[in-house]
>>> print(open('entry_7.csv').read())   # CSV, C-alpha atoms and all ligand atoms
chain,number,residue,atom,x,y,z
U,467,MET,CA,202.8,17.2,-140.9
U,468,TYR,CA,199.2,18.3,-141.4
U,469,ASP,CA,197.9,21.7,-142.3
U,470,LEU,CA,196.3,23.1,-139.1
U,471,ASP,CA,193.8,25.4,-140.8
U,472,GLU,CA,192.6,22.6,-143.0
U,473,THR,CA,192.3,20.2,-140.1
U,474,ILE,CA,190.3,22.7,-138.1
U,475,ARG,CA,187.9,23.2,-141.0
U,476,GLN,CA,187.6,19.4,-141.6
U,477,ARG,CA,186.7,18.5,-138.1
U,478,HIS,CA,183.0,18.2,-137.5
U,479,ALA,CA,180.7,16.2,-135.3
U,480,VAL,CA,180.2,12.7,-136.7
U,481,ARG,CA,176.9,11.0,-135.9
U,482,MET,CA,177.4,7.6,-137.5
U,483,PHE,CA,180.6,5.5,-137.5
U,484,LEU,CA,181.7,2.3,-139.2
U,485,PRO,CA,181.2,-0.1,-136.3
U,486,ASP,CA,183.4,-2.9,-137.8
U,487,ARG,CA,186.4,-0.8,-138.7
U,488,PRO,CA,188.6,-0.8,-135.6
U,489,VAL,CA,190.5,2.3,-134.5
U,490,PRO,CA,194.2,1.7,-134.5
U,491,ARG,CA,195.5,2.3,-131.0
U,492,ALA,CA,198.8,3.8,-132.4
U,493,LEU,CA,196.8,6.7,-134.0
U,494,VAL,CA,194.9,7.4,-130.8
U,495,ASP,CA,198.2,7.4,-128.8
U,496,GLU,CA,199.7,9.8,-131.3
U,497,ALA,CA,196.7,12.2,-131.0
U,498,LEU,CA,196.8,11.9,-127.2
U,499,GLU,CA,200.5,12.8,-127.2
U,500,LEU,CA,199.6,15.9,-129.0
U,501,ALA,CA,196.6,16.6,-126.8
U,502,ILE,CA,198.6,16.6,-123.6
U,503,ARG,CA,200.6,19.5,-125.0
U,504,ALA,CA,197.4,21.6,-124.2
U,505,PRO,CA,197.9,24.5,-121.8
U,506,SER,CA,196.4,24.3,-118.3
U,507,ASN,CA,196.2,26.4,-115.1
U,508,SER,CA,199.6,25.9,-113.4
U,509,ASN,CA,200.2,22.9,-115.7
U,510,ILE,CA,197.9,20.8,-113.6
U,511,GLN,CA,196.8,18.8,-116.7
U,512,PRO,CA,193.3,18.3,-115.4
U,513,TRP,CA,192.1,16.0,-118.2
U,514,ARG,CA,191.2,12.5,-117.2
U,515,VAL,CA,189.8,10.2,-120.0
U,516,VAL,CA,188.7,6.6,-119.8
U,517,PHE,CA,188.4,4.8,-123.2
U,518,ALA,CA,186.3,1.6,-123.7
U,519,SER,CA,186.6,-0.7,-126.7
U,520,GLY,CA,185.7,-4.3,-127.5
U,521,ALA,CA,183.6,-6.1,-124.9
U,522,ALA,CA,183.9,-3.2,-122.4
U,523,ARG,CA,182.4,-0.8,-124.9
U,524,ASP,CA,179.6,-3.1,-125.8
U,525,ARG,CA,178.7,-3.6,-122.1
U,526,LEU,CA,178.8,0.1,-121.6
U,527,VAL,CA,176.5,0.7,-124.6
U,528,ALA,CA,174.1,-2.0,-123.4
U,529,ALA,CA,173.9,-0.4,-120.0
U,530,LEU,CA,173.4,3.1,-121.4
U,531,LEU,CA,170.7,2.0,-123.7
U,532,LYS,CA,168.9,0.3,-120.8
U,533,GLY,CA,169.3,3.5,-118.9
U,534,ALA,CA,167.9,5.6,-121.8
U,535,HIS,CA,164.8,3.3,-122.0
U,536,GLU,CA,164.2,3.6,-118.2
U,537,GLY,CA,164.4,7.4,-117.9
U,538,PRO,CA,165.6,10.7,-119.3
U,539,PRO,CA,169.3,11.6,-119.1
U,540,LYS,CA,170.4,14.1,-116.4
U,541,VAL,CA,171.5,16.8,-118.9
U,542,PRO,CA,170.9,20.3,-117.5
U,543,PRO,CA,168.6,22.4,-119.8
U,544,LEU,CA,170.1,25.3,-121.8
U,545,PRO,CA,169.3,28.8,-120.4
U,546,GLU,CA,166.5,30.4,-122.3
U,547,ALA,CA,168.8,32.8,-124.3
U,548,PHE,CA,170.7,29.8,-125.7
U,549,ALA,CA,167.8,27.4,-126.3
U,550,HIS,CA,167.3,28.3,-129.9
U,551,PHE,CA,170.8,27.1,-130.8
U,552,ARG,CA,169.7,23.5,-129.9
U,553,SER,CA,166.7,23.7,-132.2
U,554,ASP,CA,168.7,25.4,-135.0
U,555,THR,CA,171.3,22.7,-134.7
U,556,GLY,CA,168.6,20.0,-134.6
U,557,LYS,CA,167.1,21.3,-137.8
U,558,VAL,CA,170.4,21.0,-139.7
U,559,VAL,CA,171.4,17.7,-138.2
U,560,TYR,CA,168.1,15.9,-138.3
U,561,GLY,CA,167.3,17.6,-141.6
U,562,ALA,CA,170.4,16.0,-143.1
U,563,MET,CA,169.3,12.7,-141.8
U,564,GLY,CA,166.0,13.1,-143.6
U,565,ILE,CA,164.0,13.3,-140.4
U,566,LYS,CA,161.0,15.7,-140.7
U,567,ARG,CA,160.2,18.1,-137.8
U,568,GLU,CA,156.9,16.3,-137.0
U,569,ASP,CA,158.6,12.8,-137.1
U,570,THR,CA,159.0,12.4,-133.3
U,571,GLU,CA,159.7,8.7,-133.6
U,572,GLY,CA,162.4,9.2,-136.2
U,573,ARG,CA,164.0,11.8,-133.9
U,574,ARG,CA,163.7,9.6,-130.9
U,575,ILE,CA,165.6,6.8,-132.7
U,576,ALA,CA,168.2,9.2,-133.9
U,577,VAL,CA,168.7,10.7,-130.4
U,578,LEU,CA,169.0,7.1,-128.9
U,579,ARG,CA,172.1,6.6,-131.1
U,580,ASN,CA,173.9,9.0,-128.7
U,581,TRP,CA,174.0,6.2,-126.2
U,582,GLU,CA,175.5,3.8,-128.7
U,583,PHE,CA,178.3,6.4,-129.3
U,584,PHE,CA,176.9,6.5,-132.8
U,585,ARG,CA,178.2,3.0,-133.2
U,586,ALA,CA,181.8,4.1,-132.8
U,587,PRO,CA,184.2,1.3,-131.8
U,588,LEU,CA,186.0,3.5,-129.3
U,589,ALA,CA,184.0,5.2,-126.6
U,590,GLY,CA,185.6,7.8,-124.3
U,591,VAL,CA,184.5,9.4,-121.1
U,592,VAL,CA,186.1,12.8,-120.3
U,593,CYS,CA,186.4,13.6,-116.6
U,594,MET,CA,188.0,16.1,-114.2
U,595,ASP,CA,188.7,16.1,-110.5
U,596,ARG,CA,185.6,17.3,-108.8
U,597,GLU,CA,187.5,19.8,-106.6
U,598,LEU,CA,188.7,21.7,-109.7
U,599,GLY,CA,186.8,24.7,-111.2
U,600,LEU,CA,185.8,26.5,-114.3
U,601,ALA,CA,189.3,27.6,-115.3
U,602,ASP,CA,190.4,24.0,-115.1
U,603,ALA,CA,187.5,22.9,-117.3
U,604,VAL,CA,188.9,25.3,-119.8
U,605,GLY,CA,192.1,23.3,-119.7
U,606,VAL,CA,190.2,20.1,-120.3
U,607,GLY,CA,188.5,21.8,-123.3
U,608,MET,CA,191.8,22.7,-124.8
U,609,PHE,CA,193.0,19.1,-124.4
U,610,LEU,CA,189.8,17.8,-126.0
U,611,GLN,CA,189.9,20.1,-129.0
U,612,THR,CA,193.6,19.2,-129.6
U,613,LEU,CA,192.7,15.6,-129.3
U,614,LEU,CA,189.8,16.0,-131.8
U,615,LEU,CA,192.2,17.8,-134.3
U,616,GLY,CA,194.9,15.1,-133.9
U,617,LEU,CA,192.4,12.4,-134.6
U,618,THR,CA,190.9,14.3,-137.5
U,619,ALA,CA,194.3,14.8,-139.1
U,620,ARG,CA,194.7,11.0,-138.8
U,621,GLY,CA,191.6,10.3,-140.7
U,622,LEU,CA,189.3,9.6,-137.7
U,623,GLY,CA,185.9,11.0,-137.0
U,624,THR,CA,184.9,12.2,-133.6
U,625,CYS,CA,181.9,13.5,-131.6
U,626,PRO,CA,182.0,15.0,-128.1
U,627,GLN,CA,178.8,14.0,-126.3
U,628,VAL,CA,177.2,15.7,-123.3
U,629,SER,CA,174.4,13.2,-123.7
U,630,ILE,CA,176.7,10.4,-122.4
U,631,ALA,CA,177.3,12.4,-119.1
U,632,GLY,CA,173.5,12.2,-118.6
U,633,TYR,CA,173.8,8.8,-117.0
U,634,PRO,CA,176.8,9.3,-114.6
U,635,GLU,CA,175.9,6.3,-112.3
U,636,ILE,CA,176.1,3.9,-115.3
U,637,LEU,CA,179.5,5.3,-116.4
U,638,ARG,CA,180.8,5.1,-112.9
U,639,GLU,CA,179.8,1.5,-112.5
U,640,GLN,CA,180.8,0.3,-115.9
U,641,LEU,CA,184.2,2.1,-116.1
U,642,ASN,CA,185.0,2.2,-112.4
U,643,ILE,CA,185.0,6.1,-112.3
U,644,GLY,CA,185.2,7.2,-108.7
U,645,GLU,CA,183.0,10.0,-107.1
U,646,GLU,CA,186.2,12.2,-106.9
U,647,PHE,CA,185.7,12.9,-110.6
U,648,THR,CA,183.2,15.1,-112.3
U,649,ILE,CA,182.1,13.5,-115.6
U,650,LEU,CA,182.1,16.2,-118.3
U,651,CYS,CA,181.2,14.4,-121.5
U,652,GLY,CA,181.6,11.4,-123.7
U,653,LEU,CA,183.7,11.1,-126.8
U,654,ALA,CA,182.9,8.9,-129.8
U,655,VAL,CA,185.9,8.0,-132.0
U,656,GLY,CA,185.9,5.9,-135.2
U,657,TYR,CA,185.9,6.0,-138.9
U,658,THR,CA,183.1,8.1,-140.4
U,659,ASP,CA,180.3,6.2,-142.2
U,660,PRO,CA,180.5,7.9,-145.6
U,661,ASP,CA,177.1,6.7,-146.6
U,662,PHE,CA,175.2,8.1,-143.7
U,663,PRO,CA,173.5,11.3,-144.9
U,664,GLY,CA,173.5,12.9,-141.4
U,665,ASN,CA,177.3,13.0,-141.7
U,666,ARG,CA,177.0,15.6,-144.4
U,667,ALA,CA,175.4,18.1,-142.0
U,668,ARG,CA,177.6,21.2,-141.4
U,669,VAL,CA,176.4,23.7,-138.8
U,670,GLY,CA,177.2,27.4,-139.2
U,671,ARG,CA,178.7,29.8,-136.7
U,672,GLU,CA,177.6,33.3,-135.5
U,673,PRO,CA,179.6,36.2,-137.0
U,674,LEU,CA,182.7,37.0,-135.0
U,675,ALA,CA,181.1,40.3,-133.8
U,676,HIS,CA,178.4,38.4,-132.0
U,677,ASN,CA,180.9,36.8,-129.6
U,678,VAL,CA,184.1,38.9,-129.6
U,679,ARG,CA,184.6,42.6,-128.7
U,680,PHE,CA,187.8,44.6,-129.1
U,681,VAL,CA,188.1,47.6,-126.8
U,682,ASP,CA,190.5,50.1,-128.2
U,683,GLU,CA,190.0,53.3,-126.2
X,1,LIG,C1,180.9,19.5,-124.9
X,1,LIG,C2,180.1,19.1,-126.1
X,1,LIG,C3,179.0,18.2,-126.0
X,1,LIG,C4,178.3,17.8,-127.1
X,1,LIG,N1,177.3,16.9,-127.0
X,1,LIG,C5,176.7,16.4,-128.1
X,1,LIG,C6,175.8,15.3,-127.9
X,1,LIG,O1,175.4,14.9,-126.8
X,1,LIG,N2,175.2,14.8,-129.0
X,1,LIG,C7,175.5,15.3,-130.3
X,1,LIG,O2,175.0,14.8,-131.3
X,1,LIG,N3,176.4,16.2,-130.5
X,1,LIG,C8,177.1,16.8,-129.4
X,1,LIG,N4,178.0,17.7,-129.5
X,1,LIG,C9,178.4,18.2,-130.9
X,1,LIG,C10,177.8,19.6,-131.2
X,1,LIG,O3,176.5,19.5,-131.4
X,1,LIG,C11,178.6,20.2,-132.3
X,1,LIG,O4,180.0,20.3,-132.0
X,1,LIG,C12,178.1,21.6,-132.7
X,1,LIG,O5,176.8,21.5,-133.2
X,1,LIG,C13,179.0,22.2,-133.8
X,1,LIG,O6,179.0,21.3,-134.9
X,1,LIG,P1,180.4,20.8,-135.5
X,1,LIG,O7,181.1,20.1,-134.3
X,1,LIG,O8,180.0,19.7,-136.5
X,1,LIG,O9,181.1,21.9,-136.1
X,1,LIG,C14,178.7,18.2,-128.4
X,1,LIG,C15,179.8,19.1,-128.6
X,1,LIG,C16,180.5,19.5,-127.4
X,1,LIG,C17,181.7,20.4,-127.6
>>> encode(input="entry_7.csv", output="structure tokens", more="lines below")
Ligand SMILES: Cc1cc2nc3c(=O)[nH]c(=O)nc-3n(C[C@H](O)[C@H](O)[C@H](O)COP(=O)(O)O)c2cc1C
Amino acid sequence: MYDLDETIRQRHAVRMFLPDRPVPRALVDEALELAIRAPSNSNIQPWRVVFASGAARDRLVAALLKGAHEGPPKVPPLPEAFAHFRSDTGKVVYGAMGIKREDTEGRRIAVLRNWEFFRAPLAGVVCMDRELGLADAVGVGMFLQTLLLGLTARGLGTCPQVSIAGYPEILREQLNIGEEFTILCGLAVGYTDPDFPGNRARVGREPLAHNVRFVDE
């Protein structure tokens, strides 16, 4: 048994993995068995995940990197009111990697690592049936967070990645994902590289009152 609060606090986005340390399938299966306990609308269990490892993962990464060199990912921009979060997070994350604000080449190289799944040996793609809606995406999110926590408790690092979903045609072709699925995000899973300074980045949170209201009368 693992302490839930401690596991929640330990989990963070990992942006460099040990490429040569394989992820034991048994640990992933254990975490998945926990994740499928997540609640969902009418228990429809809307989560669909494809994992690639070994040669399949390497082919996928090669195709994504080729795509990234050919053109920008199709990631919708954040609405104006939220845009500052991206630069605030970038400051913390790239700052921890030692990349200065004006170092555009350093940043470009760091961003490109997204399409290598940050060198993680296990590369996931999270999908949902395209006919489902927002409430069902909530269910996928609950599954995903439970999966992240289950993996964290087993000593594994994780990073959910919207950047991966920026090249949907490549994912569909490489992993045989049909048009009946919406691709939501990628998921890197592996052992955290303890020597990579960027992995020491910890981003903060808004105070509760910013996001939550209690109405009493
Ligand atoms: C749906 C989703 C998509 C994300 N996409 C990316 C991504 O493409 N690249 C990346 O480096 N981090 C990505 N992240 C990680 C977030 O930047 C990170 O969760 C956030 O900054 C909070 O930091 P923490 O997870 O370390 O607490 C994503 C997280 C989520 C939940």
>>> residues_around(input="entry_7.csv", residues="region 595-601 of chain U", least_positions_apart="6", cutoff="6 Å", atoms="all atoms listed in the file", output="PyMOL selection string")
chain U and resi 646-648
>>> atom_distance(input="entry_7.csv", atom1="CA of Leu650 (chain U)", atom2="CA of Val606 (chain U)")
9.2 Å
>>> closest_residue(input="entry_7.csv", among="U:Phe583, U:Phe548, U:Trp513, U:Phe680", to="ligand LIG 1 (chain X)", atoms="all atoms listed in the file")
U:Phe583
>>> atom_distance(input="entry_7.csv", atom1="atom C17 of ligand LIG 1 (chain X)", atom2="CA of Val628 (chain U)")
7.8 Å
>>> residues_around(input="entry_7.csv", residues="Leu470 (chain U)", least_positions_apart="5", cutoff="10 Å", atoms="all atoms listed in the file", output="number ranges by chain")
U: 475-476, 615-616, 619
>>> residues_around(input="entry_7.csv", residues="Val591 (chain U)", least_positions_apart="6", cutoff="12 Å", atoms="all atoms listed in the file", output="PyMOL selection string")
chain U and resi 513-519+523+526+583+610+625-634+636-638+640-643+647-655
>>> decode(input="entry_7.csv", residues="region 514-560 of chain U", atoms="N, CA and C atoms", output="compact mmCIF listing (two decimals), in the first residue's frame")
# COMPACT_ATOMS: atom_id res chain seq x y z
N ARG U 514 -9.20 5.02 -24.07
CA ARG U 514 -8.57 4.08 -25.01
C ARG U 514 -7.10 4.49 -25.09
N VAL U 515 -6.20 3.56 -24.85
CA VAL U 515 -4.77 3.90 -24.85
C VAL U 515 -4.01 2.90 -25.72
N VAL U 516 -3.12 3.41 -26.52
CA VAL U 516 -2.21 2.54 -27.29
C VAL U 516 -0.81 2.82 -26.76
N PHE U 517 -0.10 1.75 -26.37
CA PHE U 517 1.29 1.91 -25.91
C PHE U 517 2.24 1.35 -26.96
N ALA U 518 3.31 2.07 -27.20
CA ALA U 518 4.35 1.57 -28.10
C ALA U 518 5.66 1.47 -27.32
N SER U 519 6.35 0.33 -27.50
CA SER U 519 7.68 0.18 -26.90
C SER U 519 8.58 -0.46 -27.95
N GLY U 520 9.84 -0.62 -27.64
CA GLY U 520 10.78 -1.30 -28.53
C GLY U 520 10.82 -0.65 -29.91
N ALA U 521 10.83 -1.51 -30.94
CA ALA U 521 10.97 -1.01 -32.32
C ALA U 521 9.79 -0.14 -32.71
N ALA U 522 8.59 -0.46 -32.21
CA ALA U 522 7.40 0.33 -32.57
C ALA U 522 7.53 1.75 -32.03
N ARG U 523 8.05 1.86 -30.83
CA ARG U 523 8.25 3.19 -30.22
C ARG U 523 9.31 3.97 -31.00
N ASP U 524 10.37 3.28 -31.39
CA ASP U 524 11.45 3.96 -32.12
C ASP U 524 10.96 4.45 -33.48
N ARG U 525 10.14 3.63 -34.14
CA ARG U 525 9.58 4.04 -35.45
C ARG U 525 8.67 5.25 -35.28
N LEU U 526 7.87 5.20 -34.21
CA LEU U 526 6.95 6.31 -33.94
C LEU U 526 7.72 7.61 -33.70
N VAL U 527 8.76 7.52 -32.87
CA VAL U 527 9.57 8.72 -32.57
C VAL U 527 10.22 9.26 -33.84
N ALA U 528 10.76 8.35 -34.67
CA ALA U 528 11.40 8.81 -35.92
C ALA U 528 10.38 9.54 -36.79
N ALA U 529 9.18 9.00 -36.88
CA ALA U 529 8.15 9.63 -37.71
C ALA U 529 7.72 10.97 -37.12
N LEU U 530 7.59 11.05 -35.81
CA LEU U 530 7.18 12.31 -35.17
C LEU U 530 8.27 13.38 -35.34
N LEU U 531 9.52 12.99 -35.18
CA LEU U 531 10.61 13.96 -35.33
C LEU U 531 10.66 14.47 -36.76
N LYS U 532 10.42 13.57 -37.71
CA LYS U 532 10.38 13.98 -39.13
C LYS U 532 9.25 15.00 -39.30
N GLY U 533 8.08 14.67 -38.72
CA GLY U 533 6.93 15.58 -38.80
C GLY U 533 7.26 16.93 -38.18
N ALA U 534 7.94 16.91 -37.04
CA ALA U 534 8.27 18.16 -36.35
C ALA U 534 9.24 19.01 -37.16
N HIS U 535 10.12 18.35 -37.94
CA HIS U 535 11.04 19.11 -38.78
C HIS U 535 10.33 19.68 -40.00
N GLU U 536 9.25 19.01 -40.41
CA GLU U 536 8.55 19.46 -41.63
C GLU U 536 7.53 20.58 -41.37
N GLY U 537 7.01 20.63 -40.17
CA GLY U 537 6.00 21.68 -39.91
C GLY U 537 5.55 21.68 -38.46
N PRO U 538 4.89 22.77 -38.04
CA PRO U 538 4.49 22.89 -36.63
C PRO U 538 3.36 21.92 -36.27
N PRO U 539 3.27 21.54 -35.00
CA PRO U 539 2.20 20.63 -34.57
C PRO U 539 0.85 21.35 -34.58
N LYS U 540 -0.21 20.56 -34.77
CA LYS U 540 -1.56 21.15 -34.72
C LYS U 540 -2.05 21.16 -33.28
N VAL U 541 -1.48 22.05 -32.48
CA VAL U 541 -1.95 22.18 -31.09
C VAL U 541 -2.68 23.51 -31.00
N PRO U 542 -3.97 23.49 -30.65
CA PRO U 542 -4.71 24.75 -30.61
C PRO U 542 -4.10 25.72 -29.60
N PRO U 543 -4.01 27.01 -29.95
CA PRO U 543 -3.41 27.97 -29.01
C PRO U 543 -4.31 28.13 -27.78
N LEU U 544 -3.69 28.53 -26.68
CA LEU U 544 -4.48 28.78 -25.47
C LEU U 544 -5.23 30.09 -25.62
N PRO U 545 -6.45 30.18 -25.07
CA PRO U 545 -7.14 31.48 -25.08
C PRO U 545 -6.28 32.51 -24.33
N GLU U 546 -6.43 33.75 -24.78
CA GLU U 546 -5.65 34.88 -24.24
C GLU U 546 -5.53 34.85 -22.70
N ALA U 547 -6.66 34.62 -22.02
CA ALA U 547 -6.67 34.72 -20.56
C ALA U 547 -5.80 33.65 -19.90
N PHE U 548 -5.47 32.59 -20.65
CA PHE U 548 -4.69 31.50 -20.07
C PHE U 548 -3.25 31.49 -20.57
N ALA U 549 -2.98 32.33 -21.57
CA ALA U 549 -1.69 32.23 -22.26
C ALA U 549 -0.50 32.43 -21.32
N HIS U 550 -0.69 33.28 -20.28
CA HIS U 550 0.45 33.56 -19.41
C HIS U 550 0.91 32.31 -18.64
N PHE U 551 -0.02 31.35 -18.44
CA PHE U 551 0.39 30.13 -17.73
C PHE U 551 1.48 29.40 -18.50
N ARG U 552 1.34 29.43 -19.86
CA ARG U 552 2.34 28.72 -20.67
C ARG U 552 3.71 29.37 -20.48
N SER U 553 3.76 30.70 -20.51
CA SER U 553 5.09 31.32 -20.37
C SER U 553 5.61 31.18 -18.94
N ASP U 554 4.69 31.25 -17.95
CA ASP U 554 5.15 31.06 -16.55
C ASP U 554 5.74 29.66 -16.38
N THR U 555 5.04 28.66 -16.94
CA THR U 555 5.52 27.28 -16.80
C THR U 555 6.84 27.12 -17.55
N GLY U 556 6.89 27.71 -18.76
CA GLY U 556 8.13 27.65 -19.55
C GLY U 556 9.30 28.22 -18.78
N LYS U 557 9.05 29.34 -18.08
CA LYS U 557 10.12 29.98 -17.31
C LYS U 557 10.70 29.00 -16.29
N VAL U 558 9.81 28.33 -15.56
CA VAL U 558 10.25 27.40 -14.51
C VAL U 558 10.96 26.19 -15.14
N VAL U 559 10.30 25.61 -16.17
CA VAL U 559 10.81 24.37 -16.75
C VAL U 559 12.14 24.61 -17.48
N TYR U 560 12.15 25.60 -18.39
CA TYR U 560 13.38 25.85 -19.15
C TYR U 560 14.46 26.47 -18.26
